[in-house]
Amino acid sequence: MTKRKSTQDPAKRYVYYVAALAVTLRFALLLLVWNHPERCMSLDTESYTSIAVNVLAGHGYSSCLTPPYWPDICRTPVYPLFLSAIMAIWGQNWIAVAVMQIVLDVMSGVLIFHTGRALYGIKAGLWAGILFAVSLSSAMFNLKVLSETLCVFLMACSLFSLSGAPFFQVRPARISRIKRIDRNLFTALFWALAVLCKPVVLVTAPFFGWWLLKKKNNTLSFALVIAAGLLPVAIWTLRNGLASGHYVLSSVVAVNRLHYDAAGLVAGTGNQPVLEVRENLRRRAELEAGKADYCSENNAWIPVYRRLGDSIVAERPVQYSLLHLRGALNGLIPAFGVLLEYTGARSSGSNTLSVLQEQGVFAAIKHYFSGHYHLLWVVVPMAGLWFFFLVAAGMGWVKWLLGRQWTDALFWGGSAALLLLAPGMASEPRIVLPAIPFLAVCAGYAWTNKSHKPPATP
């Protein structure tokens with residue numbers, strides 16, 4: 001008797017592999033903090049949680065801990081509202097937040113698998129999903145009460161919609177009804193939510209627009225999709241303007257301009273400690289703008305921060321460009337410090353980022369591990385896996401270039417590059433996480449056997 005060949009779609013089996021790897025790694029990390037929820041906190045956590053608490057208490061969208069509750073224009077709304085939804089059910093339970101973020105990140109891996117499969121074949125999808133699932137730099141921050149994991153999920157949703165990949169099996173009678181839904185509209189809406197989670201995502205707008213323009217035959221439809229993506233961003237910018245008089249998406253841009261760009265430039269060219277320079281610039285801004293309450297500092301000082309930061313950067317544009325590039329590369333360092341914080345072997349707040357900006361990688365490693373050099377064994381395997389991921393992503397991008405697939409190379413490689421470079425001297429491992437979905441697809445494409453043309457979108 002001849003065996004009947006299985007007709008089961010291998011993609012169903014492969015997606016379980018991706019999900020199993022992602023779940024195993026992330027819940028193993030969760031065990032490290034299960035009895036220590038305080039390790040889920042970060043220096044930026046309070047700026048999100050205070051807003052979530054005030055929203056639930058009826059004090060509006062404010063980060064103030066006491067009255068008057070000034071409107072906050074620093075943090076965009078998606079992540080604080082996400083936290084308020086969790087707090088409404090479980091209270092200020094950081095383990096509950098970590099579990100929800102793990103679920104979202106596992107779903108991100110599944111969506112990235114389907115995106116790569118739909119556009120470049122099942123092998124590309126499998127490798128993209130696996131490399132995302134085992135990416136320690138991504139998994140580490142699932143446990144932190146920070147916005148990066150939610151941003152990655154929203155970006156993965158946008159890319160999944162863009163790929164046209166089928167996710168659920170539907171009856172033929174319903175296909176015609178589903179086809180009437182313009183999936184590119186969901187691409188734009190999820191992209192807008194990602195921007196309102198992490199404003200740095202806005203730098204990918206030209207590449208999403210270019211991709212949609214190349215894939216859309218109807219100019220009016222293309223214009224409607226772009227408008228749908230930009231409308232939520234414009235509404236929040238208008239809200240900030242009406243609330244504070246400053247029509248900006250987030251005041252954090254002005255703060256980073258002074259605290260990181262200007263302070264880093266002055267410290268780098270004058271051989272001064274960056275923390276000392278930053279404090280001097282902050283005092284100078286305070287003298288110009290007048291003293292403000294902590295929770296309204298960004299509202300009152302934003303024009304001065306921006307003007308002072310821009311004036312300092314304009315004095316040395318070449319030196320600034322070089323320092324900006326060097327600072328952006330710091331984001332590619334593996335997030336081994338976070339793992340050590342989860343284990344309790346090290347604690348945050350050691351000013352390692354300042355040492356990194358002033359003296360470079362080796363000085364920062366020496367500073368961080370001072371007296372604990374035995375912990376360096378954690379760095380080698382993490383660094384090896386992370387740089388394998390980056391090299392594979394670079395190989396995929398080169399493969400598109402060699403195949404003259406300019407749209408794909410520009411969209412995936414260009415988006416990842418801008419997300420990596422945009423933070424500049426404010427960059428650190430968690431800041432570059434929104435680029436990981438793009439890097440994963442690039443890395444997945446590197447392992448395909450031949451040039452693969454995307455199938456027609458159903």
# chains A, B, ... in the order shown; residues from 1 in each chain; ligands from 1
$ closest_atom_pairs --of "region 167-279 of chain A" --to "region 63-71 of chain A" --cutoff "12 Å" --atoms "only C-alpha atoms" --output "tab-separated table"
residue	atom	partner	partner_atom	distance
A:Arg239	CA	A:Pro71	CA	9.9
A:Asn240	CA	A:Pro71	CA	8.3
A:Gly241	CA	A:Pro71	CA	10.8
A:Leu242	CA	A:Pro71	CA	10.2
A:Ala243	CA	A:Pro71	CA	6.4
A:Ser244	CA	A:Pro71	CA	7.4
A:Gly245	CA	A:Pro71	CA	11.1
A:His246	CA	A:Pro71	CA	11.8
A:Ser251	CA	A:Pro71	CA	12.0
$ closest_atom_pairs --of "region 124-223 of chain A" --to "region 21-25 of chain A" --cutoff "10 Å" --atoms "only C-alpha atoms" --output "CSV"
residue,atom,partner,partner_atom,distance
A:Gly129,CA,A:Ala22,CA,9.1
A:Ile130,CA,A:Leu21,CA,7.4
A:Leu131,CA,A:Ala22,CA,9.6
A:Phe132,CA,A:Ala22,CA,8.0
A:Ala133,CA,A:Ala22,CA,4.4
A:Val134,CA,A:Ala22,CA,6.4
A:Ser135,CA,A:Ala22,CA,8.8
A:Leu136,CA,A:Leu25,CA,8.4
A:Ala139,CA,A:Leu25,CA,7.5
A:Met140,CA,A:Leu25,CA,9.5
$ write_last_selection --atoms "N, CA and C atoms" --output "mmCIF file, in the first residue's frame"
data_model
loop_
_atom_site.group_PDB
_atom_site.id
_atom_site.type_symbol
_atom_site.label_atom_id
_atom_site.label_comp_id
_atom_site.auth_asym_id
_atom_site.auth_seq_id
_atom_site.Cartn_x
_atom_site.Cartn_y
_atom_site.Cartn_z
ATOM 1 N N GLY A 129 10.083 34.800 11.313
ATOM 2 C CA GLY A 129 9.387 34.537 12.570
ATOM 3 C C GLY A 129 10.305 33.975 13.643
ATOM 4 N N ILE A 130 11.181 33.036 13.259
ATOM 5 C CA ILE A 130 12.093 32.424 14.234
ATOM 6 C C ILE A 130 13.082 33.444 14.779
ATOM 7 N N LEU A 131 13.664 34.243 13.895
ATOM 8 C CA LEU A 131 14.648 35.224 14.351
ATOM 9 C C LEU A 131 14.009 36.278 15.245
ATOM 10 N N PHE A 132 12.764 36.636 14.955
ATOM 11 C CA PHE A 132 12.066 37.553 15.859
ATOM 12 C C PHE A 132 11.785 36.869 17.195
ATOM 13 N N ALA A 133 11.360 35.605 17.147
ATOM 14 C CA ALA A 133 10.997 34.885 18.371
ATOM 15 C C ALA A 133 12.169 34.752 19.331
ATOM 16 N N VAL A 134 13.375 34.562 18.785
ATOM 17 C CA VAL A 134 14.549 34.353 19.649
ATOM 18 C C VAL A 134 15.359 35.634 19.845
ATOM 19 N N SER A 135 14.830 36.754 19.364
ATOM 20 C CA SER A 135 15.534 38.025 19.530
ATOM 21 C C SER A 135 15.473 38.455 20.997
ATOM 22 N N LEU A 136 16.597 38.328 21.693
ATOM 23 C CA LEU A 136 16.627 38.677 23.106
ATOM 24 C C LEU A 136 16.407 40.173 23.329
ATOM 25 N N ALA A 139 12.705 40.443 23.340
ATOM 26 C CA ALA A 139 12.059 39.737 24.451
ATOM 27 C C ALA A 139 12.330 40.397 25.799
ATOM 28 N N MET A 140 13.520 40.969 25.961
ATOM 29 C CA MET A 140 13.885 41.560 27.252
ATOM 30 C C MET A 140 12.902 42.640 27.687
#
$ closest_atom_pairs --of "region 115-234 of chain A" --to "region 84-99 of chain A" --cutoff "12 Å" --atoms "only C-alpha atoms" --output "CSV"
residue,atom,partner,partner_atom,distance
A:Ala139,CA,A:Ala98,CA,10.8
A:Met140,CA,A:Ala98,CA,10.5
A:Phe141,CA,A:Ala98,CA,9.0
A:Asn142,CA,A:Ala98,CA,6.0
A:Leu143,CA,A:Ala98,CA,4.5
A:Lys144,CA,A:Ala98,CA,6.8
A:Val145,CA,A:Val97,CA,7.0
A:Leu146,CA,A:Val97,CA,9.7
A:Ser147,CA,A:Val97,CA,11.1
A:Thr149,CA,A:Ala98,CA,9.8
A:Leu150,CA,A:Val97,CA,10.9
$ write_last_selection --atoms "N, CA and C atoms" --output "PDB file, in the first residue's frame"
ATOM      1  N   ALA A 139      12.705  40.443  23.340  1.00  0.00           N
ATOM      2  CA  ALA A 139      12.059  39.737  24.451  1.00  0.00           C
ATOM      3  C   ALA A 139      12.330  40.397  25.799  1.00  0.00           C
ATOM      4  N   MET A 140      13.520  40.969  25.961  1.00  0.00           N
ATOM      5  CA  MET A 140      13.885  41.560  27.252  1.00  0.00           C
ATOM      6  C   MET A 140      12.902  42.640  27.687  1.00  0.00           C
ATOM      7  N   PHE A 141      12.446  43.439  26.741  1.00  0.00           N
ATOM      8  CA  PHE A 141      11.635  44.598  27.096  1.00  0.00           C
ATOM      9  C   PHE A 141      10.149  44.291  27.152  1.00  0.00           C
ATOM     10  N   ASN A 142       9.761  43.019  26.921  1.00  0.00           N
ATOM     11  CA  ASN A 142       8.367  42.639  27.130  1.00  0.00           C
ATOM     12  C   ASN A 142       7.965  42.806  28.585  1.00  0.00           C
ATOM     13  N   LEU A 143       8.936  42.679  29.486  1.00  0.00           N
ATOM     14  CA  LEU A 143       8.644  42.725  30.911  1.00  0.00           C
ATOM     15  C   LEU A 143       8.689  44.136  31.479  1.00  0.00           C
ATOM     16  N   LYS A 144       9.215  45.072  30.725  1.00  0.00           N
ATOM     17  CA  LYS A 144       9.316  46.457  31.199  1.00  0.00           C
ATOM     18  C   LYS A 144       8.017  47.211  30.919  1.00  0.00           C
ATOM     19  N   VAL A 145       7.624  48.043  31.848  1.00  0.00           N
ATOM     20  CA  VAL A 145       6.437  48.882  31.656  1.00  0.00           C
ATOM     21  C   VAL A 145       6.850  50.075  30.812  1.00  0.00           C
ATOM     22  N   LEU A 146       7.031  49.794  29.535  1.00  0.00           N
ATOM     23  CA  LEU A 146       7.463  50.769  28.533  1.00  0.00           C
ATOM     24  C   LEU A 146       6.705  50.502  27.231  1.00  0.00           C
ATOM     25  N   SER A 147       6.706  51.471  26.347  1.00  0.00           N
ATOM     26  CA  SER A 147       5.817  51.431  25.181  1.00  0.00           C
ATOM     27  C   SER A 147       6.339  50.614  24.002  1.00  0.00           C
ATOM     28  N   THR A 149       7.058  47.390  23.307  1.00  0.00           N
ATOM     29  CA  THR A 149       6.419  46.133  22.897  1.00  0.00           C
ATOM     30  C   THR A 149       5.103  46.390  22.182  1.00  0.00           C
ATOM     31  N   LEU A 150       4.291  47.290  22.703  1.00  0.00           N
ATOM     32  CA  LEU A 150       3.019  47.618  22.050  1.00  0.00           C
ATOM     33  C   LEU A 150       3.263  48.242  20.688  1.00  0.00           C
TER      34      LEU A 150
END
$ residues_around --residues "region 73-82 of chain A" --least-positions-apart "6" --cutoff "7 Å" --atoms "only C-alpha atoms" --output "list in words"
Tyr48, Thr49, Ile51, Ala52, Ser147, Leu193, Leu196, Cys197, Asn240, Ser250, Ser251, Val252, Asn298 and Asn299 of chain A
$ write_last_selection --atoms "N, CA and C atoms" --output "compact mmCIF listing (two decimals), in the first residue's frame"
# COMPACT_ATOMS: atom_id res chain seq x y z
N TYR A 48 4.46 57.26 32.08
CA TYR A 48 3.30 56.59 31.47
C TYR A 48 2.26 56.24 32.53
N THR A 49 2.71 55.66 33.65
CA THR A 49 1.76 55.18 34.65
C THR A 49 1.00 56.32 35.33
N ILE A 51 -0.01 59.06 33.98
CA ILE A 51 -1.11 59.44 33.09
C ILE A 51 -2.24 58.43 33.19
N ALA A 52 -1.88 57.13 33.18
CA ALA A 52 -2.90 56.08 33.26
C ALA A 52 -3.70 56.21 34.56
N SER A 147 6.71 51.47 26.35
CA SER A 147 5.82 51.43 25.18
C SER A 147 6.34 50.61 24.00
N LEU A 193 -1.49 54.33 14.71
CA LEU A 193 -1.48 53.95 16.12
C LEU A 193 -0.06 53.72 16.62
N LEU A 196 1.40 57.03 17.31
CA LEU A 196 0.86 57.57 18.56
C LEU A 196 1.29 56.76 19.78
N CYS A 197 2.03 55.68 19.54
CA CYS A 197 2.65 54.92 20.62
C CYS A 197 4.11 55.33 20.79
N ASN A 240 -2.73 68.81 21.31
CA ASN A 240 -1.62 69.36 22.08
C ASN A 240 -1.54 70.87 21.93
N SER A 250 4.78 65.53 20.10
CA SER A 250 5.26 65.22 21.45
C SER A 250 6.37 66.19 21.81
N SER A 251 6.34 66.68 23.04
CA SER A 251 7.38 67.60 23.49
C SER A 251 8.70 66.89 23.77
N VAL A 252 8.70 65.56 23.76
CA VAL A 252 9.92 64.82 24.04
C VAL A 252 10.99 65.10 22.99
N ASN A 298 7.64 70.32 30.58
CA ASN A 298 7.73 70.20 29.14
C ASN A 298 6.85 71.22 28.43
N ASN A 299 5.68 71.54 29.00
CA ASN A 299 4.79 72.52 28.39
C ASN A 299 5.38 73.92 28.43
$ atom_distance --atom1 "CA of Gly413 (chain A)" --atom2 "CA of Cys151 (chain A)"
18.7 Å
